[in-house]
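Notes to accompany the following structure.
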Amino acid sequence: MTQSAAAPPPPAAQQAPAPADAQKSQRFWPAPTGKPVRAGIQDTPSLLNRLQIIGMAAVLLFGLASGLVQFLSYQSDGRAADDTEQLVRVQDIQSSLLSADALATNVFLVGGGGDPDREAAFRAAIEDVLKQIAAAADAQPADKNALEALVVEINDYTTSVAAAQVYNRQQFPVGAEYLSGASASLRLDALPILNNLVDANTDRAQDSLAGQHPFYLLLIGLLALGVLVWMSMVLARRFRRYVNVGVAVAAAIVLVTTLVASIAAWRGDNQNDDLHDHELQAAVDQAAARTAGNDAKALESLRLIKRGSGSTVEPQWEADAKVVEDNATGSALDSWNAYADGHRQIVAYDDKDLWFKARGIAIDRADNKPTAFFDAFDATTQKLAEKNGKTTSDELRAGRTVALLGSLLTLLLGLVSSVAVARGISARRKEYA
Amino acid sequence: MTSRKLGAVVAVVALLLAGCGGYDDTPLPKPDAATSSSSTPVECSSDLSPLISYDPGTGEPTGPKVEEIRAAQVLKVGVSADTYLMASRNPASNKIEGFDIEFVRAIGAALFDNDGNGQPFEVGKNIQFVVINAAERIPALQDGRVDLVVRNFTINCERWDQIAFSAEYYHASQKVLVRSELAPTYTGVDALAGKKVCAPTGSTSIGNLQDVQPDAIIVPAANHTGCLIKLQRGEVDAITGDDTVLAGLAAQDPYAVVPPPCDEVPVAPCQDPLTDEPYGIGANSGDKDLVRFVNYVVKQMEDDGDWDRAYSRWLKGPLGKCESDCEPGDQGIPPAQIFGRV
């Protein structure tokens with residue numbers, strides 16, 4: 001190894017101070033010969049040993065800590081992808097469950113003969129809900145207990161709906177009681193569980209999305225750099241070389257690695273913020289709109305099943321409509337507004353007890369009728385929620401490989417830096433010898 | 001030594017950082033506190049018999065409320081839609097029908113057929129049905145949501161303090177419906193000790209049963225049909241309520257039995273009525289003219305034979321009819337109307 005930039009001789013180096021001063025001062029200056037000035041022969045090797053250990057430990061710790069922070073960020077992005085997927089999944093369960101209720105209540109309004117297509121759609125919605133619950137339990141063990149409780153409630157709900165349909169076919173009024181009881185229990189017992197699931201997974205997703213730590217990476221790098229700079233100063237004082245190439249190379253590696261890792265983490269953090277504020281928020285908003293919309297449609301049917309009692313359910317319909325208007329966008333909102341116009345017509349008829357006219361509008365599935373507009377709203381919001389949720393998790397997973405490679409590379413560069421430090425000290429040791 | 005310290009520090013940092021990934025379990029909602037099931041007893045403020053109502057006088061009564069309803073061309077009536085035989089939605093026709101609804105139709109026809117506007121009475125146009133449960137009957141009248149309540153509504157002095165009643169239009173009695181496996185040994189409420197018995201929240205049935213069988217475990221439901229669901233699910237052993245309502249429930253479930261009246265020597269299955277339940281039509285306490293009008297119509301129904309036809313159509317089959325030595329208020333016989341309230 002060559003040494004560059006020989007240090008100018010310090011002014012006081014030529015004069016031999018008194019032995020008493022030597023006892024008091026521990027300050028060393030490089031001598032023109034390259035040998036340590038005023039250093040005892042016994043001190044120099046141990047000093048170099050200590051510096052080597054400190055320097056190697058510093059860069060190894062840097063590699064480990066910085067690599068670990070990056071690895072945790074890699075894991076955090078993975079968790080964020082899983083958590084956002086789970087959030088979208090439980091919101092889909094919530095929406096689909098209310099969609100099933102909207103179908104069940106609407107079919108009931110048709111009468112004893114029912115509507116085979118809508119009954120099939122109800123069964124498909126429940127099947128979808130149960131599959132989603134199985135997937136959710138597999139994806140997030142922390143949700144298992146809540147999902148188990150949810151399955152019990154859904155089982156009670158579907159049993160009651162089945163009983164309602166059977167009694168409706170037999171033309172017994174107990175069928176209506178089974179149905180209204182099932183819908184009430186769904187809102188009283190099942191929806192609070194789903195609300196908890198949505199809240200818990202929202203918190204988890206937000207925590208995971210905040211898993212990038214550019215400041216920590218910068219801090220770790222600066223600490224390691226500080227140690228290396230201090231080492232260089234000690235070496236420069238002890239020998240007549242300003243720069244120890246090994247230590248300088250290690251410092252350069254630490255500096256570049258820190259800058260690259262910090263910038264990458266900062267960009268990742270910004271990207272996660274963007275995903276949170278746009279795609280994920282859009283998925284959450286569309287799911288919230290779909291949930292509220294289906295609740296409203298079910299309430300519309302229930303007000304007609306419980307004839308003349310619209311005033312008790314209409315305030316909740318209006319609250320649901322506000323949620324939809326606040327969250328739905330584009331064609332989904334247009335479809336909702338078209339449906340809502342029809343709903344107001346239903347209310348006007350029902351308030352005048354023109355029940356058959358109100359029911360006719362509520363169950364008419366022809367194109368350009370309120371129920372068809374509602375179906376369009378439901379399909380659009382579901383599609384948008386799925387699409388935005390998928391984009392969020394795909395984007396989060398896309399950058400993970402680079403982050404993993406970055407963490408491994410940082411670890412490796414920590415090792416390389418430690419070798420550089422060892423070789424730099426070794427050069428000094430040879431000079432001394 | 002230094003290497004060991006270094007290793008320890010790295011291990012601690014790694015553990016601290018790696019330990020951040022665990023999640024707490026999603027919490028389950030806490031169950032709501034149980035709600036009270038029985039109605040609060042209220043002291044009566046009058047010694048007047050609750051069966052005494054406002055006299056319709058001679059001719060068709062009228063007054064501000066009657067005129068207001070005629071002007072609006074709509075009579076709002078609180079009814080049940082799930083009390084089979086009394087007032088329930090027919091799933092085939094989607095119309096509300098039953099014994100109580102016959103009275104609503106008669107009142108509507110009397111109000112609007114001869115109101116001088118030349119338009120014939122039409123149920124869908126002139127009658128606005130408001131489906132309510134038992135607990136909503138009095139509040140719906142007090143807040144003006146409905147003009148009348150025709151929903152198996154027992155007349156008593158506690159309720160007279162809150163609303164007004166027509167004269168008695170049907171004399172029911174409180175009985176017990178049991179699961180079919182209990183019927184073979186059932187001879188009265190003694191058999192209900194320790195058994196779960198369902199009754200609608202806010203109804204008088206709960207207090208009446210507790211008076212004669214305090215060891216029965218009362219399980220409330222929103223209405224009698226809700227009680228039938230609990231019976232079908234095995235959550236209760238019996239339902240108590242008016243015989244008219246229980247007959248409708250038993251007609252929907254072959255495993256629900258209303259034991260017949262006991263003879264002088266009780267032979268199971270049989271039961272004696274727990275209480276008499278005189279049915280009246282409820283109105284806001286300020287609408288005395290409307291009550292007089294209702295009393296006029298009910299009397300007309302009795303005189304014209306419409307009452308008998310309505311009973312024969314809806315209740316005679318399951319409840320039977322007194323055939324000999326009958327008094328007013330016996331099974332299938334119109335009760336005596338008593339007037340004199342001022």
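Identifiers in this document derive from the order of the structure tokens: chains are assigned A, B, ..., residues are numbered from 1 separately in each chain, and ligands are numbered from 1 in order of occurrence.
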May I have a table of the residues of chain A lying at most 7 Å from chain B, giving each one's closest pair of atoms and their distance in Å to one decimal, counting only C-alpha atoms, ordered by chain and ascending residue number, as a Markdown table?
| residue | atom | partner | partner_atom | distance |
| --- | --- | --- | --- | --- |
| A:Gly111 | CA | B:Pro91 | CA | 5.5 |
| A:Gly112 | CA | B:Pro91 | CA | 5.8 |
| A:Ala142 | CA | B:Asp25 | CA | 4.2 |
| A:Asp143 | CA | B:Thr26 | CA | 5.3 |
| A:Ala146 | CA | B:Leu28 | CA | 5.9 |
| A:Asn168 | CA | B:Pro91 | CA | 6.2 |
| A:Gln171 | CA | B:Pro91 | CA | 5.0 |
| A:Phe172 | CA | B:Gln252 | CA | 6.2 |
| A:Pro173 | CA | B:Asp82 | CA | 5.1 |
| A:Val174 | CA | B:Thr225 | CA | 5.7 |
| A:Glu177 | CA | B:Gly226 | CA | 6.4 |
| A:Pro192 | CA | B:Pro29 | CA | 6.2 |
| A:Ile193 | CA | B:Leu28 | CA | 6.1 |
| A:Asn196 | CA | B:Pro27 | CA | 6.6 |
| A:Leu197 | CA | B:Thr26 | CA | 6.2 |
| A:Ala200 | CA | B:Thr26 | CA | 6.0 |
| A:Lys306 | CA | B:Val131 | CA | 6.0 |
| A:Arg307 | CA | B:Val131 | CA | 5.4 |
| A:Gly308 | CA | B:Val130 | CA | 4.1 |
| A:Ser309 | CA | B:Val130 | CA | 5.7 |
| A:Lys352 | CA | B:Gln128 | CA | 6.6 |
| A:Asp353 | CA | B:Gln128 | CA | 5.1 |
| A:Leu354 | CA | B:Gly124 | CA | 6.2 |
Those of range 152-286 of chain B in DSSP helix (DSSP H, G or I), formatted as an MDAnalysis selection string: chainID B and resid 157:160 183:185 189:192 204:212 224:232 243:250
Nearest to Tyr339 in chain A, chosen from A:Lys387, A:Lys369, A:Lys357, A:Lys322, with only C-alpha atoms counted in the distances: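 Checking each of A:Lys387, A:Lys369, A:Lys357, A:Lys322 against Tyr339 in chain A, counting only C-alpha atoms, the winner is A:Lys369.
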Interatomic distance, CA of Ser99 in chain A to CA of Asn294 in chain A (Å, one decimal): 5.1 Å
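Shell of range 392-401 of chain A at 6 Å, with only C-alpha atoms counted and residues fewer than 2 places along the chain excluded, is Tyr74, Asp77, Ala81, Glu279, Leu280, Gly389, Lys390, Ala403 and Leu404 of chain A.
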Suppose we keep C-alpha atoms; can you now write the selection as an mmCIF file, in the first residue's frame?
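Final file, selection.cif:
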data_model
loop_
_atom_site.group_PDB
_atom_site.id
_atom_site.type_symbol
_atom_site.label_atom_id
_atom_site.label_comp_id
_atom_site.auth_asym_id
_atom_site.auth_seq_id
_atom_site.Cartn_x
_atom_site.Cartn_y
_atom_site.Cartn_z
ATOM 1 C CA TYR A 74 -38.032 -4.700 3.444
ATOM 2 C CA ASP A 77 -43.124 -3.205 3.067
ATOM 3 C CA ALA A 81 -48.642 -5.240 1.371
ATOM 4 C CA GLU A 279 -54.551 4.070 -4.070
ATOM 5 C CA LEU A 280 -55.155 2.700 -0.574
ATOM 6 C CA GLY A 389 -56.204 -2.460 -3.263
ATOM 7 C CA LYS A 390 -54.317 -4.666 -5.720
ATOM 8 C CA ALA A 403 -34.512 -3.375 -0.568
ATOM 9 C CA LEU A 404 -33.486 -6.916 0.335
#
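Comparing A:Glu386, A:Asp341, A:Ile305, A:Thr158 by their smallest distance to Ile126 in chain A, the closest is A:Thr158 (using only C-alpha atoms).
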Atomic distance CA of Gly282 in chain B - CA of Ala167 in chain B, expressed in Å with one decimal: 9.7 Å
